[in-house]
Each structure stands twice: as structure tokens, then as C-alpha cells.
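Have a look at my_file_10.cif; it's mmCIF, C-alpha atoms; chains and numbers go by the auth columns:
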```
data_final
#
loop_
_atom_site.group_PDB
_atom_site.id
_atom_site.type_symbol
_atom_site.label_atom_id
_atom_site.label_comp_id
_atom_site.label_asym_id
_atom_site.label_seq_id
_atom_site.Cartn_x
_atom_site.Cartn_y
_atom_site.Cartn_z
_atom_site.B_iso_or_equiv
_atom_site.auth_seq_id
_atom_site.auth_asym_id
ATOM 1 C CA MET A 1 -5.576 -5.890 29.629 0.00 1 A
ATOM 2 C CA PHE A 2 -4.995 -2.483 28.074 0.00 2 A
ATOM 3 C CA LEU A 3 -1.508 -1.108 27.555 0.00 3 A
ATOM 4 C CA LEU A 4 -1.512 2.658 27.966 0.00 4 A
ATOM 5 C CA ASP A 5 1.514 4.820 27.343 0.00 5 A
ATOM 6 C CA GLY A 6 1.984 8.300 28.756 0.00 6 A
ATOM 7 C CA ALA A 7 -0.231 10.029 26.183 0.00 7 A
ATOM 8 C CA PRO A 8 -2.477 12.638 27.838 0.00 8 A
ATOM 9 C CA PRO A 9 -5.731 10.815 26.927 0.00 9 A
ATOM 10 C CA HIS A 10 -4.349 7.706 28.640 0.00 10 A
ATOM 11 C CA THR A 11 -3.255 9.463 31.811 0.00 11 A
ATOM 12 C CA ALA A 12 -6.358 11.626 32.221 0.00 12 A
ATOM 13 C CA ALA A 13 -8.172 11.177 35.500 0.00 13 A
ATOM 14 C CA SER A 14 -11.408 10.552 33.586 0.00 14 A
ATOM 15 C CA THR A 15 -9.780 7.680 31.673 0.00 15 A
ATOM 16 C CA ARG A 16 -8.476 6.079 34.837 0.00 16 A
ATOM 17 C CA ARG A 17 -11.876 6.495 36.547 0.00 17 A
ATOM 18 C CA PHE A 18 -13.605 4.865 33.577 0.00 18 A
ATOM 19 C CA MET A 19 -11.173 1.945 33.606 0.00 19 A
ATOM 20 C CA ARG A 20 -11.617 1.403 37.342 0.00 20 A
ATOM 21 C CA ALA A 21 -15.404 1.756 37.174 0.00 21 A
ATOM 22 C CA HIS A 22 -15.576 -0.910 34.471 0.00 22 A
ATOM 23 C CA ARG A 23 -12.962 -3.100 36.155 0.00 23 A
ATOM 24 C CA ILE A 24 -10.709 -2.938 33.113 0.00 24 A
ATOM 25 C CA GLN A 25 -7.143 -3.914 33.902 0.00 25 A
ATOM 26 C CA TYR A 26 -4.476 -1.681 32.434 0.00 26 A
ATOM 27 C CA VAL A 27 -0.775 -0.966 32.488 0.00 27 A
ATOM 28 C CA LEU A 28 -0.259 2.796 32.568 0.00 28 A
ATOM 29 C CA ASP A 29 3.514 3.027 32.427 0.00 29 A
ATOM 30 C CA TRP A 30 3.946 1.384 29.028 0.00 30 A
ATOM 31 C CA PRO A 31 6.889 2.859 27.124 0.00 31 A
ATOM 32 C CA PRO A 32 5.695 5.328 24.462 0.00 32 A
ATOM 33 C CA ASN A 33 6.607 4.781 20.832 0.00 33 A
ATOM 34 C CA SER A 34 7.591 1.185 21.416 0.00 34 A
ATOM 35 C CA PRO A 35 6.517 -0.655 18.248 0.00 35 A
ATOM 36 C CA ASP A 36 8.623 -3.686 19.125 0.00 36 A
ATOM 37 C CA LEU A 37 6.660 -4.169 22.323 0.00 37 A
ATOM 38 C CA ASN A 38 3.229 -3.030 21.187 0.00 38 A
ATOM 39 C CA PRO A 39 1.160 -5.944 19.817 0.00 39 A
ATOM 40 C CA ILE A 40 -1.129 -3.625 17.841 0.00 40 A
ATOM 41 C CA GLU A 41 1.835 -2.706 15.660 0.00 41 A
ATOM 42 C CA ASN A 42 2.032 -6.369 14.656 0.00 42 A
ATOM 43 C CA VAL A 43 -1.662 -6.337 13.795 0.00 43 A
ATOM 44 C CA TRP A 44 -1.178 -3.213 11.632 0.00 44 A
ATOM 45 C CA ALA A 45 1.747 -4.935 9.873 0.00 45 A
ATOM 46 C CA TRP A 46 -0.424 -8.018 9.276 0.00 46 A
ATOM 47 C CA LEU A 47 -3.206 -5.820 7.863 0.00 47 A
ATOM 48 C CA GLN A 48 -0.766 -3.977 5.601 0.00 48 A
ATOM 49 C CA GLN A 49 0.685 -7.246 4.303 0.00 49 A
ATOM 50 C CA GLN A 50 -2.765 -8.698 3.614 0.00 50 A
ATOM 51 C CA VAL A 51 -3.921 -5.551 1.791 0.00 51 A
ATOM 52 C CA ALA A 52 -0.730 -5.289 -0.258 0.00 52 A
ATOM 53 C CA ALA A 53 -1.092 -8.912 -1.360 0.00 53 A
ATOM 54 C CA GLN A 54 -4.331 -7.965 -3.130 0.00 54 A
ATOM 55 C CA GLU A 55 -2.586 -5.093 -4.962 0.00 55 A
ATOM 56 C CA PRO A 56 -5.284 -2.407 -4.768 0.00 56 A
ATOM 57 C CA ARG A 57 -4.398 0.523 -7.048 0.00 57 A
ATOM 58 C CA THR A 58 -6.503 3.453 -5.804 0.00 58 A
ATOM 59 C CA ALA A 59 -7.194 4.986 -2.404 0.00 59 A
ATOM 60 C CA PRO A 60 -10.843 3.832 -2.453 0.00 60 A
ATOM 61 C CA ALA A 61 -9.719 0.323 -3.418 0.00 61 A
ATOM 62 C CA ILE A 62 -7.170 0.272 -0.597 0.00 62 A
ATOM 63 C CA TRP A 63 -9.863 1.371 1.843 0.00 63 A
ATOM 64 C CA HIS A 64 -12.291 -1.286 0.617 0.00 64 A
ATOM 65 C CA VAL A 65 -9.692 -4.071 0.754 0.00 65 A
ATOM 66 C CA ALA A 66 -8.543 -2.962 4.206 0.00 66 A
ATOM 67 C CA GLN A 67 -12.123 -3.140 5.495 0.00 67 A
ATOM 68 C CA GLU A 68 -12.606 -6.603 4.036 0.00 68 A
ATOM 69 C CA VAL A 69 -9.283 -7.853 5.411 0.00 69 A
ATOM 70 C CA TRP A 70 -10.083 -6.365 8.841 0.00 70 A
ATOM 71 C CA LYS A 71 -13.211 -8.533 8.943 0.00 71 A
ATOM 72 C CA THR A 72 -10.984 -11.615 8.703 0.00 72 A
ATOM 73 C CA LEU A 73 -8.919 -10.678 11.770 0.00 73 A
ATOM 74 C CA THR A 74 -9.658 -13.402 14.293 0.00 74 A
ATOM 75 C CA PRO A 75 -9.091 -13.599 18.047 0.00 75 A
ATOM 76 C CA ASP A 76 -6.539 -16.338 17.316 0.00 76 A
ATOM 77 C CA ILE A 77 -4.461 -13.969 15.184 0.00 77 A
ATOM 78 C CA CYS A 78 -4.541 -11.330 17.925 0.00 78 A
ATOM 79 C CA SER A 79 -3.709 -13.926 20.539 0.00 79 A
ATOM 80 C CA SER A 80 -0.678 -15.096 18.590 0.00 80 A
ATOM 81 C CA TYR A 81 0.730 -11.566 18.671 0.00 81 A
ATOM 82 C CA MET A 82 0.018 -11.253 22.389 0.00 82 A
ATOM 83 C CA CYS A 83 1.673 -14.615 23.055 0.00 83 A
ATOM 84 C CA SER A 84 4.789 -13.533 21.185 0.00 84 A
ATOM 85 C CA PHE A 85 5.354 -10.691 23.642 0.00 85 A
ATOM 86 C CA THR A 86 7.898 -12.545 25.760 0.00 86 A
ATOM 87 C CA ASP A 87 10.026 -13.339 22.715 0.00 87 A
ATOM 88 C CA ARG A 88 9.871 -9.718 21.529 0.00 88 A
ATOM 89 C CA LEU A 89 10.721 -8.446 25.008 0.00 89 A
ATOM 90 C CA GLN A 90 13.761 -10.743 25.221 0.00 90 A
ATOM 91 C CA ALA A 91 14.898 -9.666 21.753 0.00 91 A
ATOM 92 C CA CYS A 92 14.679 -5.995 22.757 0.00 92 A
ATOM 93 C CA ALA A 93 16.511 -6.629 26.031 0.00 93 A
ATOM 94 C CA SER A 94 19.338 -8.446 24.262 0.00 94 A
ATOM 95 C CA ASN A 95 20.012 -5.516 21.887 0.00 95 A
#
```
Encoded form (C-alpha cells):
Amino acid sequence: MFLLDGAPPHTAASTRRFMRAHRIQYVLDWPPNSPDLNPIENVWAWLQQQVAAQEPRTAPAIWHVAQEVWKTLTPDICSSYMCSFTDRLQACASN
């Protein structure tokens, strides 16, 4: 399932045709700029935390560490962020 906000590349007719042709399910009316509800933001935070823990000091070192850490991202990690959606949604609704 893809979550697409209202960005022009997401709403383009060609994008929607591609998704339908490949039978990819998507939600098109996802709220834009919603880091609390967007699981990828949690993945980026995880990546940042893992990279920072190794304390790279230069831009090339950061890039190298980020690539190595990215290789360790498992489907289980991604799934845990997807499964936490309901909790995040309830937290946003209660604020």
C-alpha cells in the first residue's frame, strides 16, 4: 500500500495509470506534511539515530555509514513502524 499526498507527481494521471496497471494499492488523499502519520519519517529517524551512534565526522563518512546502516534495515523494522500507525493516529487525534 502506497500513501500518496497531494504532491503533483503523486496526483498525475500517469502516476495513477501506472499504479492501476500494476495493481498497486494506494491512498491518494494522505495529508501532506504529516510526519506523525507518515511511517517513512520513523524510518528516517531510525536511520539518523543509527548513523549518529557511530559518530561519523565528515560528510563522506556520514554517507558511508548511512549506506551501511541502510543495508541493515529489515522488513521487520519497517513492519513495526507500519503497525504503530494506529497508536500514532490516536495520539494525533487526542491532541
For CA of Val65 in chain A and CA of Gln49 in chain A, the interatomic separation in Å (one decimal):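 That distance, rounded to one decimal, is 11.4 Å.
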- request: Check what the PyMOL selection byres ((chain A and resi 69) around 12) selects in the file above and give those residues as a PyMOL selection string.
  value: chain A and resi 43-44+46-54+62-68+70-74
message: If I take CA of Ser79 in chain A and CA of Pro8 in chain A, how far is one from the other in Å, to one decimal?
response: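 These two atoms are separated by 27.6 Å.
As for CA of Phe18 in chain A and CA of Ser80 in chain A, they are spaced 28.1 Å apart.
Proximity to Leu37 in chain A was assessed for A:Met1, A:Ile24, A:Met82, A:Ile77 counting all atoms listed in the file; the smallest distance is recorded for A:Met82.
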- request: For Leu4 in chain A, list every protein, DNA or RNA residue within 7 Å, evaluated using all atoms listed in the file, and leave out those in the same chain fewer than 3 positions away; present the list as an MDAnalysis selection string.
  value: chainID A and resid 10 26:30
Find the axis-aligned box for range 7-24 of chain A, covering all its listed atoms and adding 4 Å on each side, and write its centre and edge lengths in Å to one decimal as lines of an AutoDock Vina configuration file.
```
center_x = -7.9
center_y = 4.8
center_z = 31.8
size_x = 23.3
size_y = 23.7
size_z = 19.2
```
message: With distances taken over all atoms listed in the file, which residue among A:Asp5, A:Asn42, A:Ala12, A:Ala21 lies nearest Ser84 in chain A?
response: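 Checking each candidate against Ser84 in chain A, we get A:Asn42 as the closest.
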Distance query Gln25 in chain A at most 9 Å, all atoms listed in the file, self and fewer than 6 positions along chain excluded, as a PyMOL selection string: chain A and resi 1-3+19
